[in-house]
Amino acid sequence: MYERMIKEHGILALQLFLVVVFLTLNTALNMYNKWLFVPVEKKGAGLTVPLFITMTHSAAGFITALTLSQFPQIYAPRPITGGIKSWMAILAISMFFSAGVGFNNSSLLHIPLSLAQMIKSTHPVLLAVCLYFLEDARYTKEKIIAILGIVVGVILT
C-alpha cells in the first residue's frame with residue numbers, strides 16, 4: 001500500500017497521510033476517553049475509575065505489540081544489550097508512560113478535554129528546555145521556530 005502511494009504521490013503524500021491518520025485516531029481516542037468520564041446525566045458513560053482505563057490501555061498496547069511482533073516486515077525485534085542498565089531504562093520508560101496515561105485519564109475527570117489537549121501540546125517545549133539543561137542539547141533555528149510556533153499556537157487558543 002505504502003509503496004504504491006510513494007510511487008504515485010511521493011514521500012510527502014505518505015507523511016501527510018500518516019499525520020492525518022494519527023491526528024484522527026488521537027482525537028477520536030481523546031474524545032472517547034472524555035466521554036467515558038462524563039456523568040450519565042450528561043449523556044456520558046459515567047465511569048469514575050481512571051485506573052481501569054489505564055489498565056485497559058496498557059493491555060491494548062501489549063496486545064498490539066504482540067500482534068505486530070508476528071510480522072517481521074513491520075516490526076523486527078532486536079535483542080536488548082547492555083545488561084541491567086538497559087532493563088532499568090526500559091522499566092523507567094514503562095513506568096513514566098503508564099503514569100502519564102494514568103494522570104491524563106485522571107485529569108479528564110476534572111478539566112475539559114480542550115484544556116487537556118492544550119496542556120499536552122506544550123510537551124515539546126518542556127522537553128526542549130529539559131534537554132537543553134540536562135543533556136546540553138542545541139537546536140537549529142528551524143527547530144526553535146517550530147517550537148515557538150507551538151507556543152504561539154497554544155497561547156492563541
# chains A, B, ... in the order shown; residues from 1 in each chain; ligands from 1
call {"tool": "residues_around", "arguments": {"residues": "stretch 125-128 of chain A", "least_positions_apart": "4", "cutoff": "12 Å", "atoms": "only C-alpha atoms", "output": "MDAnalysis selection string"}}
result
chainID A and resid 119:121 132:140 143:152 154
call {"tool": "write_last_selection", "arguments": {"atoms": "C-alpha atoms", "output": "CSV table (one decimal), in the first residue's frame"}}
result
chain,number,residue,atom,x,y,z
A,119,ILE,CA,-1.5,21.2,28.1
A,120,LYS,CA,-0.3,18.2,26.1
A,121,SER,CA,0.6,20.4,23.1
A,132,TYR,CA,18.8,21.9,26.9
A,133,PHE,CA,19.7,21.9,30.6
A,134,LEU,CA,20.1,18.1,31.2
A,135,GLU,CA,21.8,16.9,28.0
A,136,ASP,CA,23.3,20.2,26.8
A,137,ALA,CA,21.2,19.9,23.6
A,138,ARG,CA,21.4,22.7,21.0
A,139,TYR,CA,18.8,23.4,18.4
A,140,THR,CA,18.8,24.8,14.9
A,143,LYS,CA,13.6,23.8,15.3
A,144,ILE,CA,13.4,26.9,17.5
A,145,ILE,CA,11.0,28.5,15.1
A,146,ALA,CA,8.9,25.3,15.1
A,147,ILE,CA,8.8,25.3,18.9
A,148,LEU,CA,7.9,29.0,19.0
A,149,GLY,CA,5.1,28.2,16.6
A,150,ILE,CA,3.7,25.6,19.0
A,151,VAL,CA,3.9,28.1,21.9
A,152,VAL,CA,2.2,30.9,19.9
A,154,VAL,CA,-1.2,27.4,22.4
call {"tool": "residues_around", "arguments": {"residues": "stretch 107-111 of chain A", "least_positions_apart": "6", "cutoff": "10 Å", "atoms": "only C-alpha atoms", "output": "tab-separated table (two decimals) with N, CA, C and O atoms, in the first residue's frame"}}
result
chain	number	residue	atom	x	y	z
A	30	ASN	N	-9.17	10.53	22.38
A	30	ASN	CA	-9.32	11.50	23.45
A	30	ASN	C	-10.79	11.85	23.70
A	30	ASN	O	-11.22	11.98	24.85
A	33	ASN	N	-12.26	8.90	25.53
A	33	ASN	CA	-11.84	8.90	26.94
A	33	ASN	C	-12.62	9.93	27.74
A	33	ASN	O	-13.06	9.66	28.87
A	34	LYS	N	-12.80	11.12	27.20
A	34	LYS	CA	-13.56	12.15	27.91
A	34	LYS	C	-15.01	11.71	28.10
A	34	LYS	O	-15.58	11.89	29.19
A	35	TRP	N	-15.61	11.14	27.06
A	35	TRP	CA	-17.00	10.66	27.16
A	35	TRP	C	-17.13	9.62	28.26
A	35	TRP	O	-18.13	9.60	28.98
A	36	LEU	N	-16.12	8.76	28.43
A	36	LEU	CA	-16.18	7.74	29.47
A	36	LEU	C	-16.34	8.35	30.86
A	36	LEU	O	-17.01	7.77	31.72
A	37	PHE	N	-15.76	9.53	31.09
A	37	PHE	CA	-15.76	10.14	32.42
A	37	PHE	C	-16.88	11.16	32.62
A	37	PHE	O	-17.03	11.70	33.71
A	38	VAL	N	-17.67	11.42	31.59
A	38	VAL	CA	-18.80	12.35	31.73
A	38	VAL	C	-19.92	11.61	32.46
A	38	VAL	O	-20.22	10.45	32.16
A	39	PRO	N	-20.58	12.27	33.45
A	39	PRO	CA	-21.66	11.61	34.18
A	39	PRO	C	-22.80	11.16	33.25
A	39	PRO	O	-23.03	11.75	32.20
A	47	LEU	N	-18.17	6.64	34.00
A	47	LEU	CA	-17.09	5.90	34.63
A	47	LEU	C	-16.32	6.81	35.57
A	47	LEU	O	-16.00	7.94	35.22
A	48	THR	N	-16.03	6.34	36.76
A	48	THR	CA	-15.32	7.18	37.74
A	48	THR	C	-14.00	6.56	38.18
A	48	THR	O	-13.41	6.99	39.16
A	49	VAL	N	-13.52	5.57	37.44
A	49	VAL	CA	-12.29	4.88	37.82
A	49	VAL	C	-11.26	4.99	36.69
A	49	VAL	O	-11.20	4.14	35.81
A	50	PRO	N	-10.43	6.05	36.69
A	50	PRO	CA	-9.44	6.21	35.63
A	50	PRO	C	-8.42	5.06	35.57
A	50	PRO	O	-7.88	4.77	34.52
A	101	VAL	N	-0.24	8.15	31.20
A	101	VAL	CA	-1.59	7.74	30.78
A	101	VAL	C	-2.55	7.85	31.95
A	101	VAL	O	-3.68	8.35	31.82
call {"tool": "closest_residue", "arguments": {"among": "A:Leu51, A:Gln117, A:Gly10, A:Met88", "to": "A:Phe103", "atoms": "only C-alpha atoms"}}
result
A:Leu51
call {"tool": "select_by_dssp", "arguments": {"residues": "stretch 67-145 of chain A", "states": "helix (DSSP H, G or I)", "output": "PyMOL selection string"}}
result
chain A and resi 67-68+84-107+113-121+123-134+141-145
call {"tool": "write_last_selection", "arguments": {"atoms": "N, CA and C atoms", "output": "compact mmCIF listing (two decimals), in the first residue's frame"}}
result
# COMPACT_ATOMS: atom_id res chain seq x y z
N THR A 67 0.95 -8.54 18.55
CA THR A 67 0.47 -8.78 17.18
C THR A 67 1.49 -8.31 16.15
N LEU A 68 2.01 -7.10 16.33
CA LEU A 68 2.99 -6.57 15.38
C LEU A 68 4.28 -7.38 15.37
N ILE A 84 21.80 -4.90 32.91
CA ILE A 84 20.81 -4.39 33.86
C ILE A 84 20.50 -2.91 33.61
N LYS A 85 21.47 -2.15 33.12
CA LYS A 85 21.25 -0.73 32.86
C LYS A 85 20.16 -0.54 31.79
N SER A 86 20.20 -1.35 30.75
CA SER A 86 19.18 -1.27 29.70
C SER A 86 17.80 -1.66 30.24
N TRP A 87 17.78 -2.72 31.04
CA TRP A 87 16.49 -3.14 31.60
C TRP A 87 15.92 -2.08 32.54
N MET A 88 16.77 -1.42 33.29
CA MET A 88 16.31 -0.35 34.18
C MET A 88 15.75 0.82 33.37
N ALA A 89 16.39 1.15 32.25
CA ALA A 89 15.90 2.22 31.39
C ALA A 89 14.53 1.86 30.80
N ILE A 90 14.39 0.61 30.38
CA ILE A 90 13.11 0.16 29.82
C ILE A 90 12.02 0.21 30.90
N LEU A 91 12.36 -0.21 32.09
CA LEU A 91 11.41 -0.17 33.20
C LEU A 91 11.01 1.27 33.52
N ALA A 92 11.97 2.17 33.53
CA ALA A 92 11.67 3.58 33.82
C ALA A 92 10.76 4.17 32.74
N ILE A 93 11.05 3.89 31.48
CA ILE A 93 10.20 4.39 30.40
C ILE A 93 8.79 3.85 30.55
N SER A 94 8.66 2.57 30.85
CA SER A 94 7.34 1.96 31.02
C SER A 94 6.57 2.60 32.18
N MET A 95 7.26 2.82 33.28
CA MET A 95 6.60 3.40 34.45
C MET A 95 6.15 4.83 34.17
N PHE A 96 7.01 5.63 33.54
CA PHE A 96 6.63 7.01 33.24
C PHE A 96 5.51 7.07 32.21
N PHE A 97 5.55 6.18 31.23
CA PHE A 97 4.47 6.14 30.24
C PHE A 97 3.15 5.80 30.91
N SER A 98 3.15 4.77 31.75
CA SER A 98 1.93 4.38 32.45
C SER A 98 1.43 5.50 33.36
N ALA A 99 2.35 6.15 34.05
CA ALA A 99 1.96 7.27 34.92
C ALA A 99 1.35 8.39 34.08
N GLY A 100 1.93 8.68 32.93
CA GLY A 100 1.39 9.72 32.04
C GLY A 100 -0.01 9.40 31.59
N VAL A 101 -0.24 8.15 31.20
CA VAL A 101 -1.59 7.74 30.78
C VAL A 101 -2.55 7.85 31.95
N GLY A 102 -2.11 7.40 33.11
CA GLY A 102 -2.97 7.46 34.30
C GLY A 102 -3.32 8.89 34.70
N PHE A 103 -2.32 9.77 34.71
CA PHE A 103 -2.59 11.17 35.05
C PHE A 103 -3.48 11.84 34.00
N ASN A 104 -3.27 11.50 32.73
CA ASN A 104 -4.11 12.06 31.68
C ASN A 104 -5.56 11.63 31.88
N ASN A 105 -5.77 10.34 32.13
CA ASN A 105 -7.14 9.86 32.35
C ASN A 105 -7.75 10.47 33.60
N SER A 106 -6.96 10.61 34.66
CA SER A 106 -7.48 11.22 35.89
C SER A 106 -7.83 12.69 35.67
N SER A 107 -7.03 13.37 34.86
CA SER A 107 -7.30 14.79 34.63
C SER A 107 -8.62 15.01 33.90
N LEU A 113 -11.67 18.56 27.96
CA LEU A 113 -10.77 17.92 27.02
C LEU A 113 -9.92 18.95 26.29
N SER A 114 -10.51 20.10 25.96
CA SER A 114 -9.75 21.13 25.24
C SER A 114 -8.55 21.61 26.06
N LEU A 115 -8.73 21.77 27.37
CA LEU A 115 -7.62 22.19 28.22
C LEU A 115 -6.56 21.08 28.31
N ALA A 116 -7.01 19.84 28.41
CA ALA A 116 -6.06 18.72 28.46
C ALA A 116 -5.23 18.67 27.18
N GLN A 117 -5.87 18.88 26.03
CA GLN A 117 -5.14 18.88 24.77
C GLN A 117 -4.17 20.05 24.70
N MET A 118 -4.57 21.20 25.22
CA MET A 118 -3.69 22.37 25.20
C MET A 118 -2.46 22.11 26.07
N ILE A 119 -2.65 21.50 27.21
CA ILE A 119 -1.53 21.19 28.08
C ILE A 119 -0.59 20.19 27.40
N LYS A 120 -1.16 19.17 26.75
CA LYS A 120 -0.34 18.19 26.05
C LYS A 120 0.45 18.81 24.91
N SER A 121 -0.12 19.82 24.27
CA SER A 121 0.56 20.42 23.12
C SER A 121 1.80 21.22 23.52
N HIS A 123 4.09 19.96 25.51
CA HIS A 123 5.14 19.00 25.85
C HIS A 123 6.42 19.18 25.04
N PRO A 124 6.36 19.45 23.73
CA PRO A 124 7.63 19.64 23.01
C PRO A 124 8.47 20.79 23.56
N VAL A 125 7.81 21.84 24.02
CA VAL A 125 8.54 22.97 24.59
C VAL A 125 9.23 22.55 25.88
N LEU A 126 8.49 21.90 26.75
CA LEU A 126 9.05 21.43 28.01
C LEU A 126 10.20 20.46 27.78
N LEU A 127 10.03 19.56 26.84
CA LEU A 127 11.08 18.59 26.53
C LEU A 127 12.32 19.29 25.99
N ALA A 128 12.15 20.27 25.12
CA ALA A 128 13.30 21.00 24.57
C ALA A 128 14.06 21.72 25.68
N VAL A 129 13.35 22.33 26.59
CA VAL A 129 14.01 23.05 27.70
C VAL A 129 14.75 22.06 28.60
N CYS A 130 14.10 20.94 28.93
CA CYS A 130 14.76 19.94 29.78
C CYS A 130 16.01 19.39 29.11
N LEU A 131 15.93 19.08 27.81
CA LEU A 131 17.10 18.56 27.11
C LEU A 131 18.22 19.59 27.02
N TYR A 132 17.84 20.84 26.91
CA TYR A 132 18.84 21.91 26.86
C TYR A 132 19.68 21.92 28.14
N PHE A 133 19.00 21.79 29.29
CA PHE A 133 19.70 21.86 30.56
C PHE A 133 20.30 20.52 30.99
N LEU A 134 19.61 19.42 30.72
CA LEU A 134 20.07 18.12 31.19
C LEU A 134 21.10 17.46 30.27
N LYS A 141 17.91 26.85 14.08
CA LYS A 141 16.92 27.93 14.00
C LYS A 141 15.57 27.39 13.58
N GLU A 142 15.57 26.42 12.69
CA GLU A 142 14.30 25.84 12.21
C GLU A 142 13.53 25.19 13.36
N LYS A 143 14.25 24.45 14.21
CA LYS A 143 13.59 23.79 15.34
C LYS A 143 13.07 24.81 16.35
N ILE A 144 13.85 25.85 16.59
CA ILE A 144 13.42 26.89 17.53
C ILE A 144 12.17 27.59 17.00
N ILE A 145 12.14 27.87 15.70
CA ILE A 145 10.96 28.50 15.09
C ILE A 145 9.75 27.57 15.20
call {"tool": "atom_distance", "arguments": {"atom1": "atom CA of A:Gln73", "atom2": "atom CA of A:Phe22"}}
result
20.8 Å
call {"tool": "atom_distance", "arguments": {"atom1": "atom CA of A:His9", "atom2": "atom CA of A:Ala28"}}
result
27.1 Å
